[in-house]
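Heads up, the thing below is written out as structure tokens.
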Amino acid sequence: MYSEEIKTVADTLNTVVAKEESSAGWIMHHILDSSTLELPFITVQLPHLSLFGFDISITKHVVFMWIAFALLITTFYFVSKSYKKSFLPKGLSNIMELLIVFVRDEIAKPTIGKGYEKFLPYLLTVFFFILVSNFLGLLPYGATATSNISVTATLAVISFFVIQAGGIMKNGAFGYFKGLIPGGVPAWLLPIMFVVEILGLFTKPFALAIRLFANMTAGHIVIMALLGLIFILHTYFVAPVSVAFALFIYLLEILVALIQAYIFTMLSSLFIGMAVHQDH
Amino acid sequence: MMMAFISSLMMLFSGGESSGSLLDVNPGLIFWTVITFVLLLLILKKMAWKPILTSLNERENFIKESVERAETAKKEAEELLELNRQNLAKAEEEAQKVIAQGRDYAENLKSQIIEESKKEAKKLITDASLEIERKNVEAFNSLKGEVASIAVQAAEKILRSNLDKDRQEKIVNDFINDLSKN
């Protein structure tokens with residue numbers, strides 16, 4: 001009985017795949033970058049640009065990064081203006097203050113310690129940029145720039161440079177690379193340790209990039225797959241279950257959007273702290 | 001059967017391979033990410049983070065200072081209160097002492113006055129009794145003289161009218177009567 005049903009489902013899937021090859025990629029279409037921007041009722045073709053032979057076309061994810069950029073600039077323009085007006089701002093500024101103080105007191109201060117102020121602008125920017133990008137992906141017609149490996153990898157590389165710059169500025173170039181190897185290691189282990197530690201430097205941003213990318217992609221794929229069941233199976237009976245599960249995953253994604261922004265910032269801050277204070 | 005299902009699913013998900021995969025790296029996107037992020041960082045740093053963080057710090061310092069000032073003021077007030085209490089206690093003690101001294105003085109004065117007045121009274125009594133004694137003696141002496149002169153006068157009378165016995169008797173009786181009358 002059970003195997004019969006599986007056979008039916010498999011057959012249905014096979015026919016769907018066979019019948020319309022391009023429609024099989026509709027989940028990927030929602031997640032991958034594209035050169036078209038879908039708006040209600042219209043689809044905008046984005047311009048192709050190139051610079052020194054590189055393709056720097058404006059894509060959907062670039063547009064959503066710019067939306068995040070514009071949102072952040074306008075929001076913080078008003079927030080910082082309200083601080084000039086009064087000592088105790090209200091409303092939006094209060095919410096932003098909550099997040100800023102959270103990044104400062106819960107992320108930067110405990111992980112970096114002394115001299116955390118220098119890294120605060122970077123940490124705040126990365127936190128708010130990732131947060132807004134994550135949330136933009138949850139809106140209808142939205143796209144998650146942070147679910148693109150190119151974007152997360154670039155952010156991670158910027159993080160990598162900030163970490164190394166922080167370490168070198170504090171300890172000096174030679175002192176920093178010397179400090180990578182923990183004290184008390186036998187001399188014959190030094191070459192191996194050096195290679196391992198250098199590798200360790202690169203695995204940190206790699207982990208940052210993959211974590212953010214995978215988390216932001218996974219939720220969307222699950223939602224699409226759950227809703228897709230309705231169309232794949234050609235039945236309304238699965239709809240309540242699909243919608244309920246998709247809604248649950250959607251709510252989970254709101255949480256994940258916050259958590260991933262926090263984790264990216266937290267780990268960047270932690271790595272900066274480790275690079276700056278090498279003795280512990 | 002199961003394998004067929006899984007392979008169909010795999011086909012479904014890999015169907016979009018032609019339009020790109022999840023792990024495709026797009027140099028244009030990297031370029032725009034760097035530009036966008038660095039611009040955002042610079043603009044927000046200048047426009048938002050600096051003024052907001054400064055104003056947050058200022059506010060926190062203000063609160064800290066206010067609390068510290070309040071703490072100091074409270075401590076000072078407490079010290080002042082303690083000092084006041086001590087002064088009050090001292091004044092109370094002083095007052096008690098003054099009252100006690102006054103009472104002692106008054107007591108002494110009282111007993112002294114009583115003593116003196118007793119002495120005075122005694123002296124007055126002694127003086128009076130002495131005076132009475134003296135007056136008594138004086139009176140007795142003058143009475144003595146009077147009696148002597150009267151006796152002499154009587155004798156003189158008797159001698160003058162020394163005629164008969166009756167007469168004599170009469171004279172003596174008269175005299176005695178006179179005497180008793182006096």
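Following the order of the structure tokens, chains are lettered A, B, ..., residues in each are numbered from 1, and ligands are numbered from 1.
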Spatial neighbours of segment 41-51 of chain A, max dist 12 Å, only C-alpha atoms, sep filter under 2 positions, as number ranges by chain: A: 33-39, 53-63, 141; B: 27-29, 31-32
Please, could you write that set of residues out with N, CA and C atoms as a compact mmCIF listing (two decimals), in the first residue's frame?
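After the write, part.txt holds the following:
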```txt
# COMPACT_ATOMS: atom_id res chain seq x y z
N ASP A 33 20.36 34.40 -7.79
CA ASP A 33 20.38 35.76 -8.30
C ASP A 33 19.86 35.75 -9.74
N SER A 34 19.32 36.87 -10.18
CA SER A 34 18.93 36.94 -11.59
C SER A 34 19.04 38.37 -12.06
N SER A 35 18.97 38.54 -13.37
CA SER A 35 19.12 39.89 -13.91
C SER A 35 17.77 40.55 -14.13
N THR A 36 16.72 39.90 -13.62
CA THR A 36 15.41 40.54 -13.72
C THR A 36 14.86 40.79 -12.32
N LEU A 37 14.15 41.87 -12.20
CA LEU A 37 13.56 42.23 -10.92
C LEU A 37 12.05 42.08 -11.06
N GLU A 38 11.48 41.18 -10.25
CA GLU A 38 10.04 40.98 -10.36
C GLU A 38 9.32 41.89 -9.39
N LEU A 39 8.48 42.76 -9.95
CA LEU A 39 7.66 43.64 -9.13
C LEU A 39 6.22 43.23 -9.36
N GLY A 53 36.41 44.50 -18.63
CA GLY A 53 36.17 43.13 -19.03
C GLY A 53 35.42 42.31 -18.00
N PHE A 54 35.24 42.86 -16.78
CA PHE A 54 34.46 42.12 -15.78
C PHE A 54 32.99 42.44 -15.93
N ASP A 55 32.19 41.44 -15.71
CA ASP A 55 30.75 41.64 -15.78
C ASP A 55 30.27 42.18 -14.44
N ILE A 56 29.89 43.43 -14.40
CA ILE A 56 29.38 43.99 -13.14
C ILE A 56 27.93 44.41 -13.30
N SER A 57 27.16 43.52 -13.94
CA SER A 57 25.75 43.81 -14.15
C SER A 57 25.03 43.99 -12.81
N ILE A 58 24.05 44.88 -12.84
CA ILE A 58 23.18 45.03 -11.68
C ILE A 58 22.24 43.82 -11.66
N THR A 59 22.25 43.10 -10.54
CA THR A 59 21.35 41.95 -10.44
C THR A 59 20.34 42.19 -9.33
N LYS A 60 19.45 41.22 -9.18
CA LYS A 60 18.40 41.33 -8.16
C LYS A 60 19.01 41.53 -6.77
N HIS A 61 20.05 40.75 -6.48
CA HIS A 61 20.66 40.87 -5.15
C HIS A 61 21.36 42.20 -4.94
N VAL A 62 21.93 42.75 -6.02
CA VAL A 62 22.54 44.08 -5.92
C VAL A 62 21.45 45.10 -5.58
N VAL A 63 20.32 44.98 -6.27
CA VAL A 63 19.22 45.92 -6.01
C VAL A 63 18.78 45.82 -4.55
N TYR A 141 7.97 39.49 -2.92
CA TYR A 141 8.77 40.02 -4.03
C TYR A 141 10.19 40.34 -3.60
N PRO B 27 31.50 37.62 -9.98
CA PRO B 27 32.42 38.72 -9.66
C PRO B 27 31.72 40.08 -9.58
N GLY B 28 30.71 40.27 -10.40
CA GLY B 28 29.98 41.54 -10.36
C GLY B 28 29.34 41.76 -9.01
N LEU B 29 28.79 40.69 -8.46
CA LEU B 29 28.12 40.79 -7.16
C LEU B 29 29.14 41.09 -6.06
N PHE B 31 31.93 42.70 -6.46
CA PHE B 31 32.28 44.11 -6.66
C PHE B 31 31.24 45.02 -6.01
N TRP B 32 29.96 44.75 -6.32
CA TRP B 32 28.91 45.62 -5.78
C TRP B 32 28.77 45.48 -4.27
```
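Residues with any atom within 7 Å of Phe127 of chain A, counting only C-alpha atoms and excluding same-chain neighbours fewer than 2 positions away, are Leu123, Leu124, Thr125, Phe129, Ile130, Leu131, Ala261, Tyr262 and Thr265 of chain A.
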Create the file for the chosen residues now, containing N, CA and C atoms and written as a PDB file, in the first residue's frame.
```pdb
ATOM      1  N   LEU A 123      31.348  46.698  13.333  1.00  0.00           N
ATOM      2  CA  LEU A 123      30.431  45.673  13.851  1.00  0.00           C
ATOM      3  C   LEU A 123      28.979  46.114  13.723  1.00  0.00           C
ATOM      4  N   LEU A 124      28.725  47.393  14.033  1.00  0.00           N
ATOM      5  CA  LEU A 124      27.354  47.907  13.937  1.00  0.00           C
ATOM      6  C   LEU A 124      26.866  47.866  12.494  1.00  0.00           C
ATOM      7  N   THR A 125      27.749  48.280  11.572  1.00  0.00           N
ATOM      8  CA  THR A 125      27.342  48.309  10.163  1.00  0.00           C
ATOM      9  C   THR A 125      27.037  46.901   9.669  1.00  0.00           C
ATOM     10  N   PHE A 129      23.399  45.741   8.436  1.00  0.00           N
ATOM     11  CA  PHE A 129      23.312  45.400   7.015  1.00  0.00           C
ATOM     12  C   PHE A 129      22.785  43.973   6.839  1.00  0.00           C
ATOM     13  N   ILE A 130      23.329  43.050   7.604  1.00  0.00           N
ATOM     14  CA  ILE A 130      22.886  41.657   7.487  1.00  0.00           C
ATOM     15  C   ILE A 130      21.442  41.526   7.967  1.00  0.00           C
ATOM     16  N   LEU A 131      21.137  42.220   9.069  1.00  0.00           N
ATOM     17  CA  LEU A 131      19.778  42.145   9.621  1.00  0.00           C
ATOM     18  C   LEU A 131      18.745  42.623   8.595  1.00  0.00           C
ATOM     19  N   ALA A 261      22.280  37.466  11.991  1.00  0.00           N
ATOM     20  CA  ALA A 261      22.930  38.785  12.058  1.00  0.00           C
ATOM     21  C   ALA A 261      23.751  38.866  13.345  1.00  0.00           C
ATOM     22  N   TYR A 262      23.166  38.383  14.423  1.00  0.00           N
ATOM     23  CA  TYR A 262      23.849  38.395  15.718  1.00  0.00           C
ATOM     24  C   TYR A 262      25.099  37.514  15.681  1.00  0.00           C
ATOM     25  N   THR A 265      28.019  38.939  13.570  1.00  0.00           N
ATOM     26  CA  THR A 265      28.654  40.042  14.286  1.00  0.00           C
ATOM     27  C   THR A 265      29.429  39.527  15.491  1.00  0.00           C
TER      28      THR A 265
END
```
Could you give me, as a short mmCIF file (atom, residue, chain, number, x, y, z; two decimals) with N, CA, C and O atoms, in the first residue's frame, the residues within 10 Å of segment 149-163 of chain B, counting only C-alpha atoms and dropping anything in the same chain fewer than 4 positions from it?
```cif
data_model
loop_
_atom_site.label_atom_id
_atom_site.label_comp_id
_atom_site.auth_asym_id
_atom_site.auth_seq_id
_atom_site.Cartn_x
_atom_site.Cartn_y
_atom_site.Cartn_z
N LEU B 143 13.76 98.30 143.42
CA LEU B 143 12.74 97.93 144.40
C LEU B 143 13.33 97.88 145.80
O LEU B 143 12.74 98.39 146.77
N LYS B 144 14.53 97.28 145.85
CA LYS B 144 15.24 97.21 147.13
C LYS B 144 15.38 98.60 147.72
O LYS B 144 15.06 98.87 148.90
N GLY B 145 15.87 99.56 146.95
CA GLY B 145 16.08 100.94 147.39
C GLY B 145 14.77 101.56 147.84
O GLY B 145 14.70 102.20 148.93
N ARG B 167 -2.18 103.86 169.01
CA ARG B 167 -1.74 104.68 167.88
C ARG B 167 -0.68 104.02 167.04
O ARG B 167 -0.74 104.00 165.83
N GLN B 168 0.27 103.48 167.87
CA GLN B 168 1.38 102.77 167.21
C GLN B 168 0.89 101.65 166.32
O GLN B 168 1.29 101.52 165.18
N GLU B 169 0.02 100.90 166.92
CA GLU B 169 -0.55 99.75 166.15
C GLU B 169 -1.25 100.22 164.89
O GLU B 169 -1.09 99.65 163.81
N ILE B 171 -0.80 102.93 163.29
CA ILE B 171 0.15 103.39 162.29
C ILE B 171 0.77 102.23 161.54
O ILE B 171 0.84 102.24 160.31
N VAL B 172 1.17 101.22 162.33
CA VAL B 172 1.80 100.03 161.64
C VAL B 172 0.82 99.37 160.70
O VAL B 172 1.16 99.06 159.57
N PHE B 175 0.37 101.39 157.72
CA PHE B 175 1.54 101.24 156.85
C PHE B 175 1.52 99.93 156.05
O PHE B 175 1.75 99.92 154.85
N ILE B 176 1.21 98.91 156.86
CA ILE B 176 1.14 97.60 156.20
C ILE B 176 0.06 97.58 155.12
O ILE B 176 0.27 97.06 154.04
N LEU B 179 1.28 99.32 152.27
CA LEU B 179 2.28 98.50 151.57
C LEU B 179 1.63 97.44 150.69
O LEU B 179 2.01 97.27 149.53
#
```
Close residues, Leu251 of chain A itself excluded, 12 Å, only C-alpha atoms, min 3 positions apart in chain, as a PyMOL selection string: chain A and resi 135+138+219-220+223+244-248+254-258
Convert the current residue selection to file output with all heavy atoms, as a tab-separated table (two decimals), in the first residue's frame.
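Result went into again_7.tsv, see below:
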```
chain	number	residue	atom	x	y	z
A	135	PHE	N	15.89	40.42	6.52
A	135	PHE	CA	14.46	40.70	6.61
A	135	PHE	C	13.86	41.03	5.24
A	135	PHE	O	12.71	40.70	4.98
A	135	PHE	CB	14.19	41.83	7.59
A	135	PHE	CG	14.13	41.35	9.01
A	135	PHE	CD1	14.88	41.95	10.01
A	135	PHE	CD2	13.33	40.27	9.35
A	135	PHE	CE1	14.83	41.49	11.30
A	135	PHE	CE2	13.27	39.81	10.65
A	135	PHE	CZ	14.02	40.41	11.63
A	138	LEU	N	12.37	38.25	3.46
A	138	LEU	CA	11.12	37.68	3.98
A	138	LEU	C	9.90	38.43	3.45
A	138	LEU	O	8.77	38.02	3.68
A	138	LEU	CB	11.12	37.70	5.51
A	138	LEU	CG	12.18	36.80	6.15
A	138	LEU	CD1	12.16	36.97	7.66
A	138	LEU	CD2	11.94	35.36	5.78
A	219	GLY	N	16.14	28.05	4.83
A	219	GLY	CA	14.77	28.36	5.21
A	219	GLY	C	13.91	28.60	3.99
A	219	GLY	O	12.77	28.10	3.90
A	220	HIS	N	14.46	29.34	3.02
A	220	HIS	CA	13.68	29.65	1.81
A	220	HIS	C	13.39	28.37	1.02
A	220	HIS	O	12.28	28.18	0.52
A	220	HIS	CB	14.45	30.65	0.94
A	220	HIS	CG	14.46	32.01	1.52
A	220	HIS	ND1	13.62	33.01	1.09
A	220	HIS	CD2	15.17	32.53	2.53
A	220	HIS	CE1	13.85	34.09	1.80
A	220	HIS	NE2	14.78	33.83	2.68
A	223	ILE	N	10.59	26.48	2.70
A	223	ILE	CA	9.28	27.09	2.47
A	223	ILE	C	8.79	26.79	1.05
A	223	ILE	O	7.64	26.38	0.84
A	223	ILE	CB	9.34	28.62	2.70
A	223	ILE	CG1	9.51	28.90	4.19
A	223	ILE	CG2	8.08	29.30	2.18
A	223	ILE	CD1	9.65	30.36	4.52
A	244	ALA	N	0.49	25.48	6.80
A	244	ALA	CA	0.80	25.50	8.23
A	244	ALA	C	2.30	25.34	8.45
A	244	ALA	O	2.92	26.10	9.19
A	244	ALA	CB	0.03	24.41	8.96
A	245	PHE	N	2.88	24.37	7.77
A	245	PHE	CA	4.31	24.13	7.94
A	245	PHE	C	5.14	25.30	7.40
A	245	PHE	O	6.12	25.72	8.03
A	245	PHE	CB	4.73	22.82	7.25
A	245	PHE	CG	4.56	21.63	8.14
A	245	PHE	CD1	3.36	20.95	8.22
A	245	PHE	CD2	5.63	21.19	8.91
A	245	PHE	CE1	3.20	19.87	9.06
A	245	PHE	CE2	5.48	20.10	9.75
A	245	PHE	CZ	4.27	19.44	9.82
A	246	ALA	N	4.70	25.82	6.24
A	246	ALA	CA	5.43	26.94	5.64
A	246	ALA	C	5.38	28.16	6.56
A	246	ALA	O	6.38	28.86	6.73
A	246	ALA	CB	4.84	27.30	4.28
A	247	LEU	N	4.22	28.37	7.19
A	247	LEU	CA	4.07	29.50	8.12
A	247	LEU	C	5.01	29.33	9.31
A	247	LEU	O	5.67	30.27	9.74
A	247	LEU	CB	2.62	29.58	8.59
A	247	LEU	CG	2.29	30.79	9.47
A	247	LEU	CD1	2.43	32.07	8.67
A	247	LEU	CD2	0.88	30.67	10.03
A	248	PHE	N	5.06	28.10	9.79
A	248	PHE	CA	5.95	27.81	10.92
A	248	PHE	C	7.40	28.10	10.54
A	248	PHE	O	8.13	28.75	11.29
A	248	PHE	CB	5.77	26.35	11.34
A	248	PHE	CG	6.81	25.88	12.31
A	248	PHE	CD1	6.79	26.33	13.63
A	248	PHE	CD2	7.80	25.01	11.92
A	248	PHE	CE1	7.74	25.91	14.52
A	248	PHE	CE2	8.77	24.59	12.80
A	248	PHE	CZ	8.74	25.04	14.11
A	254	ILE	N	12.17	34.37	10.72
A	254	ILE	CA	12.29	35.68	11.37
A	254	ILE	C	13.32	35.59	12.48
A	254	ILE	O	14.20	36.43	12.63
A	254	ILE	CB	10.92	36.15	11.92
A	254	ILE	CG1	9.95	36.36	10.77
A	254	ILE	CG2	11.08	37.41	12.74
A	254	ILE	CD1	8.55	36.73	11.22
A	255	LEU	N	13.19	34.51	13.25
A	255	LEU	CA	14.14	34.27	14.33
A	255	LEU	C	15.54	34.07	13.78
A	255	LEU	O	16.52	34.64	14.28
A	255	LEU	CB	13.69	33.02	15.09
A	255	LEU	CG	14.39	32.74	16.40
A	255	LEU	CD1	14.05	33.82	17.40
A	255	LEU	CD2	13.99	31.38	16.93
A	256	VAL	N	15.63	33.26	12.70
A	256	VAL	CA	16.94	32.96	12.11
A	256	VAL	C	17.58	34.24	11.56
A	256	VAL	O	18.79	34.44	11.69
A	256	VAL	CB	16.78	31.89	11.00
A	256	VAL	CG1	18.06	31.75	10.19
A	256	VAL	CG2	16.43	30.55	11.62
A	257	ALA	N	16.76	35.12	10.97
A	257	ALA	CA	17.29	36.38	10.43
A	257	ALA	C	17.99	37.17	11.52
A	257	ALA	O	19.09	37.69	11.33
A	257	ALA	CB	16.17	37.20	9.82
A	258	LEU	N	17.35	37.24	12.70
A	258	LEU	CA	17.94	37.95	13.83
A	258	LEU	C	19.19	37.22	14.33
A	258	LEU	O	20.23	37.83	14.56
A	258	LEU	CB	16.92	38.02	14.97
A	258	LEU	CG	15.96	39.20	14.93
A	258	LEU	CD1	14.80	38.95	15.86
A	258	LEU	CD2	16.69	40.46	15.36
```
I'd like the contact shell of segment 115-121 of chain A - 10 Å cut-off, only C-alpha atoms, skipping same-chain residues fewer than 3 positions apart - returned as an mmCIF file with N, CA, C and O atoms, in the first residue's frame.
```
data_model
loop_
_atom_site.group_PDB
_atom_site.id
_atom_site.type_symbol
_atom_site.label_atom_id
_atom_site.label_comp_id
_atom_site.auth_asym_id
_atom_site.auth_seq_id
_atom_site.Cartn_x
_atom_site.Cartn_y
_atom_site.Cartn_z
ATOM 1 N N ILE A 100 21.795 49.109 19.077
ATOM 2 C CA ILE A 100 23.167 49.624 19.125
ATOM 3 C C ILE A 100 23.801 49.275 20.466
ATOM 4 O O ILE A 100 24.940 48.798 20.533
ATOM 5 N N VAL A 103 24.673 45.625 20.573
ATOM 6 C CA VAL A 103 25.927 45.295 19.879
ATOM 7 C C VAL A 103 27.122 45.772 20.701
ATOM 8 O O VAL A 103 28.123 45.074 20.817
ATOM 9 N N ARG A 104 26.980 46.940 21.290
ATOM 10 C CA ARG A 104 28.111 47.486 22.041
ATOM 11 C C ARG A 104 28.372 46.698 23.335
ATOM 12 O O ARG A 104 29.493 46.283 23.588
ATOM 13 N N ILE A 107 28.051 42.369 22.570
ATOM 14 C CA ILE A 107 28.930 41.739 21.576
ATOM 15 C C ILE A 107 30.340 42.308 21.675
ATOM 16 O O ILE A 107 31.291 41.573 21.940
ATOM 17 N N ALA A 108 30.491 43.619 21.455
ATOM 18 C CA ALA A 108 31.837 44.187 21.339
ATOM 19 C C ALA A 108 32.573 44.201 22.676
ATOM 20 O O ALA A 108 33.709 43.742 22.765
ATOM 21 N N LYS A 109 31.904 44.694 23.713
ATOM 22 C CA LYS A 109 32.588 44.874 25.002
ATOM 23 C C LYS A 109 33.118 43.569 25.577
ATOM 24 O O LYS A 109 34.287 43.482 25.927
ATOM 25 N N PRO A 110 32.282 42.533 25.711
ATOM 26 C CA PRO A 110 32.817 41.312 26.334
ATOM 27 C C PRO A 110 33.810 40.548 25.470
ATOM 28 O O PRO A 110 34.686 39.879 26.007
ATOM 29 N N THR A 111 33.694 40.625 24.123
ATOM 30 C CA THR A 111 34.580 39.803 23.299
ATOM 31 C C THR A 111 35.881 40.518 22.958
ATOM 32 O O THR A 111 36.921 39.875 22.863
ATOM 33 N N ILE A 112 35.846 41.825 22.754
ATOM 34 C CA ILE A 112 37.078 42.543 22.406
ATOM 35 C C ILE A 112 37.718 43.144 23.653
ATOM 36 O O ILE A 112 38.921 43.134 23.813
ATOM 37 N N LEU A 124 28.725 47.393 14.033
ATOM 38 C CA LEU A 124 27.354 47.907 13.937
ATOM 39 C C LEU A 124 26.866 47.866 12.494
ATOM 40 O O LEU A 124 25.738 47.436 12.215
ATOM 41 N N THR A 125 27.749 48.280 11.572
ATOM 42 C CA THR A 125 27.342 48.309 10.163
ATOM 43 C C THR A 125 27.037 46.901 9.669
ATOM 44 O O THR A 125 26.010 46.657 9.029
ATOM 45 N N VAL A 126 27.920 45.957 9.989
ATOM 46 C CA VAL A 126 27.721 44.593 9.504
ATOM 47 C C VAL A 126 26.448 43.997 10.115
ATOM 48 O O VAL A 126 25.674 43.315 9.440
ATOM 49 N N PHE A 127 26.204 44.310 11.391
ATOM 50 C CA PHE A 127 25.009 43.780 12.061
ATOM 51 C C PHE A 127 23.742 44.300 11.394
ATOM 52 O O PHE A 127 22.857 43.524 11.018
ATOM 53 N N VAL A 162 39.435 43.057 8.526
ATOM 54 C CA VAL A 162 39.295 43.833 9.769
ATOM 55 C C VAL A 162 39.991 43.097 10.912
ATOM 56 O O VAL A 162 40.698 43.704 11.722
ATOM 57 N N ILE A 163 39.822 41.761 10.965
ATOM 58 C CA ILE A 163 40.444 40.971 12.025
ATOM 59 C C ILE A 163 41.964 41.095 11.953
ATOM 60 O O ILE A 163 42.633 41.403 12.951
ATOM 61 N N GLY A 166 43.165 44.593 12.771
ATOM 62 C CA GLY A 166 43.087 44.822 14.218
ATOM 63 C C GLY A 166 44.271 44.193 14.930
ATOM 64 O O GLY A 166 44.906 44.825 15.778
ATOM 65 N N LYS A 170 47.491 46.300 16.670
ATOM 66 C CA LYS A 170 47.743 46.227 18.115
ATOM 67 C C LYS A 170 49.114 45.634 18.419
ATOM 68 O O LYS A 170 49.848 46.146 19.257
ATOM 69 N N SER A 269 33.395 39.728 16.007
ATOM 70 C CA SER A 269 33.885 40.429 17.187
ATOM 71 C C SER A 269 34.806 39.526 17.999
ATOM 72 O O SER A 269 35.854 39.946 18.489
ATOM 73 N N ILE A 272 38.079 39.218 16.253
ATOM 74 C CA ILE A 272 38.838 40.459 16.434
ATOM 75 C C ILE A 272 39.464 40.459 17.826
ATOM 76 O O ILE A 272 40.650 40.752 17.996
ATOM 77 N N GLY A 273 38.652 40.079 18.819
ATOM 78 C CA GLY A 273 39.159 40.025 20.197
ATOM 79 C C GLY A 273 40.336 39.075 20.314
ATOM 80 O O GLY A 273 41.333 39.378 20.978
ATOM 81 N N VAL A 276 43.359 40.686 18.665
ATOM 82 C CA VAL A 276 43.895 41.860 19.364
ATOM 83 C C VAL A 276 44.588 41.449 20.656
ATOM 84 O O VAL A 276 45.693 41.877 20.955
ATOM 85 N N LEU B 41 29.432 51.615 5.362
ATOM 86 C CA LEU B 41 30.259 51.729 6.568
ATOM 87 C C LEU B 41 30.735 53.164 6.756
ATOM 88 O O LEU B 41 30.603 53.734 7.843
ATOM 89 N N LEU B 42 31.251 53.768 5.680
ATOM 90 C CA LEU B 42 31.802 55.126 5.790
ATOM 91 C C LEU B 42 30.710 56.136 6.117
ATOM 92 O O LEU B 42 30.873 56.975 7.006
ATOM 93 N N LEU B 44 27.625 55.622 7.364
ATOM 94 C CA LEU B 44 27.002 55.432 8.681
ATOM 95 C C LEU B 44 27.956 55.812 9.798
ATOM 96 O O LEU B 44 27.548 56.352 10.824
ATOM 97 N N LYS B 45 29.253 55.539 9.589
ATOM 98 C CA LYS B 45 30.231 55.875 10.632
ATOM 99 C C LYS B 45 30.227 57.379 10.883
ATOM 100 O O LYS B 45 30.216 57.828 12.021
ATOM 101 N N LYS B 46 30.222 58.125 9.781
ATOM 102 C CA LYS B 46 30.291 59.581 9.911
ATOM 103 C C LYS B 46 28.949 60.152 10.368
ATOM 104 O O LYS B 46 28.893 61.007 11.237
ATOM 105 N N ALA B 48 26.022 58.416 11.495
ATOM 106 C CA ALA B 48 25.212 57.843 12.579
ATOM 107 C C ALA B 48 26.032 57.376 13.770
ATOM 108 O O ALA B 48 25.801 57.810 14.897
ATOM 109 N N TRP B 49 26.978 56.483 13.545
ATOM 110 C CA TRP B 49 27.601 55.825 14.709
ATOM 111 C C TRP B 49 28.304 56.810 15.617
ATOM 112 O O TRP B 49 28.159 56.749 16.835
ATOM 113 N N LYS B 50 29.061 57.737 14.980
ATOM 114 C CA LYS B 50 29.818 58.683 15.829
ATOM 115 C C LYS B 50 28.899 59.523 16.699
ATOM 116 O O LYS B 50 29.036 59.502 17.925
ATOM 117 N N LEU B 53 26.857 57.225 19.246
ATOM 118 C CA LEU B 53 27.666 56.642 20.317
ATOM 119 C C LEU B 53 28.169 57.720 21.270
ATOM 120 O O LEU B 53 28.188 57.516 22.489
#
```
For segment 67-78 of chain A, work out the shell of residues within 9 Å, counting only C-alpha atoms and skipping chain neighbours fewer than 5 positions away, then give it as a ChimeraX atom specification. /A:62,83,92-93,96,128-130,132-133,136 /B:36-37,39-40,43-44,47-49
Mind dumping the selected residues with C-alpha atoms as a PDB file, in the first residue's frame?
```pdb
ATOM      1  CA  VAL A  62      22.541  44.082  -5.916  1.00  0.00           C
ATOM      2  CA  TYR A  83      19.808  62.655  19.186  1.00  0.00           C
ATOM      3  CA  LEU A  92      12.290  54.559  16.318  1.00  0.00           C
ATOM      4  CA  SER A  93      15.458  55.950  17.857  1.00  0.00           C
ATOM      5  CA  MET A  96      17.732  51.490  17.229  1.00  0.00           C
ATOM      6  CA  PHE A 128      22.448  46.178  10.641  1.00  0.00           C
ATOM      7  CA  PHE A 129      23.312  45.400   7.015  1.00  0.00           C
ATOM      8  CA  ILE A 130      22.886  41.657   7.487  1.00  0.00           C
ATOM      9  CA  VAL A 132      18.038  44.335   7.056  1.00  0.00           C
ATOM     10  CA  SER A 133      19.140  42.124   4.135  1.00  0.00           C
ATOM     11  CA  LEU A 136      14.145  42.011   3.027  1.00  0.00           C
TER      12      LEU A 136
ATOM     13  CA  THR B  36      27.878  48.993  -1.104  1.00  0.00           C
ATOM     14  CA  PHE B  37      29.243  47.765   2.194  1.00  0.00           C
ATOM     15  CA  LEU B  39      30.098  53.089   1.355  1.00  0.00           C
ATOM     16  CA  LEU B  40      27.526  52.112   3.956  1.00  0.00           C
ATOM     17  CA  ILE B  43      28.516  57.012   5.585  1.00  0.00           C
ATOM     18  CA  LEU B  44      27.002  55.432   8.681  1.00  0.00           C
ATOM     19  CA  MET B  47      26.564  60.219   9.985  1.00  0.00           C
ATOM     20  CA  ALA B  48      25.212  57.843  12.579  1.00  0.00           C
ATOM     21  CA  TRP B  49      27.601  55.825  14.709  1.00  0.00           C
TER      22      TRP B  49
END
```
What are the DSSP alpha helix (DSSP H) residues of segment 33-277 of chain A, as a ChimeraX atom specification? /A:60-85,92-102,109-112,120-136,149-171,173-179,190-233,239-276
Straight-line distance linking atom CA of Arg85 of chain B with atom CA of Gly102 of chain B, stated in Å to one decimal: 25.5 Å
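Atom CA of Ala209 of chain A lies 13.3 Å from atom CA of Leu22 of chain B.
For the set A:Tyr122, A:Tyr236, A:Phe213, A:Tyr250, the residue with the smallest atom-to-atom gap to Leu139 of chain A is A:Tyr250, counting only C-alpha atoms.
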note - atom CA of Arg59 of chain B and atom CA of Val79 of chain A are separated by 15.7 Å
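Backbone DSSP of segment 28-231 of chain A yields strand (DSSP E) at Thr36, Leu37, Glu38, Thr43, Val44, Gln45, Ser50, Leu51, Phe54 and Asp55 of chain A.
The shortest atom-to-atom distance to chain B, with only C-alpha atoms taken into account, belongs to A:Thr154 out of A:Thr144, A:Thr154, A:Ser86, A:Thr203.
Among A:Pro240, A:Gly175, A:Gly228, A:Pro191, the residue with the shortest atom-to-atom distance to chain B, counting only C-alpha atoms, is A:Gly228.
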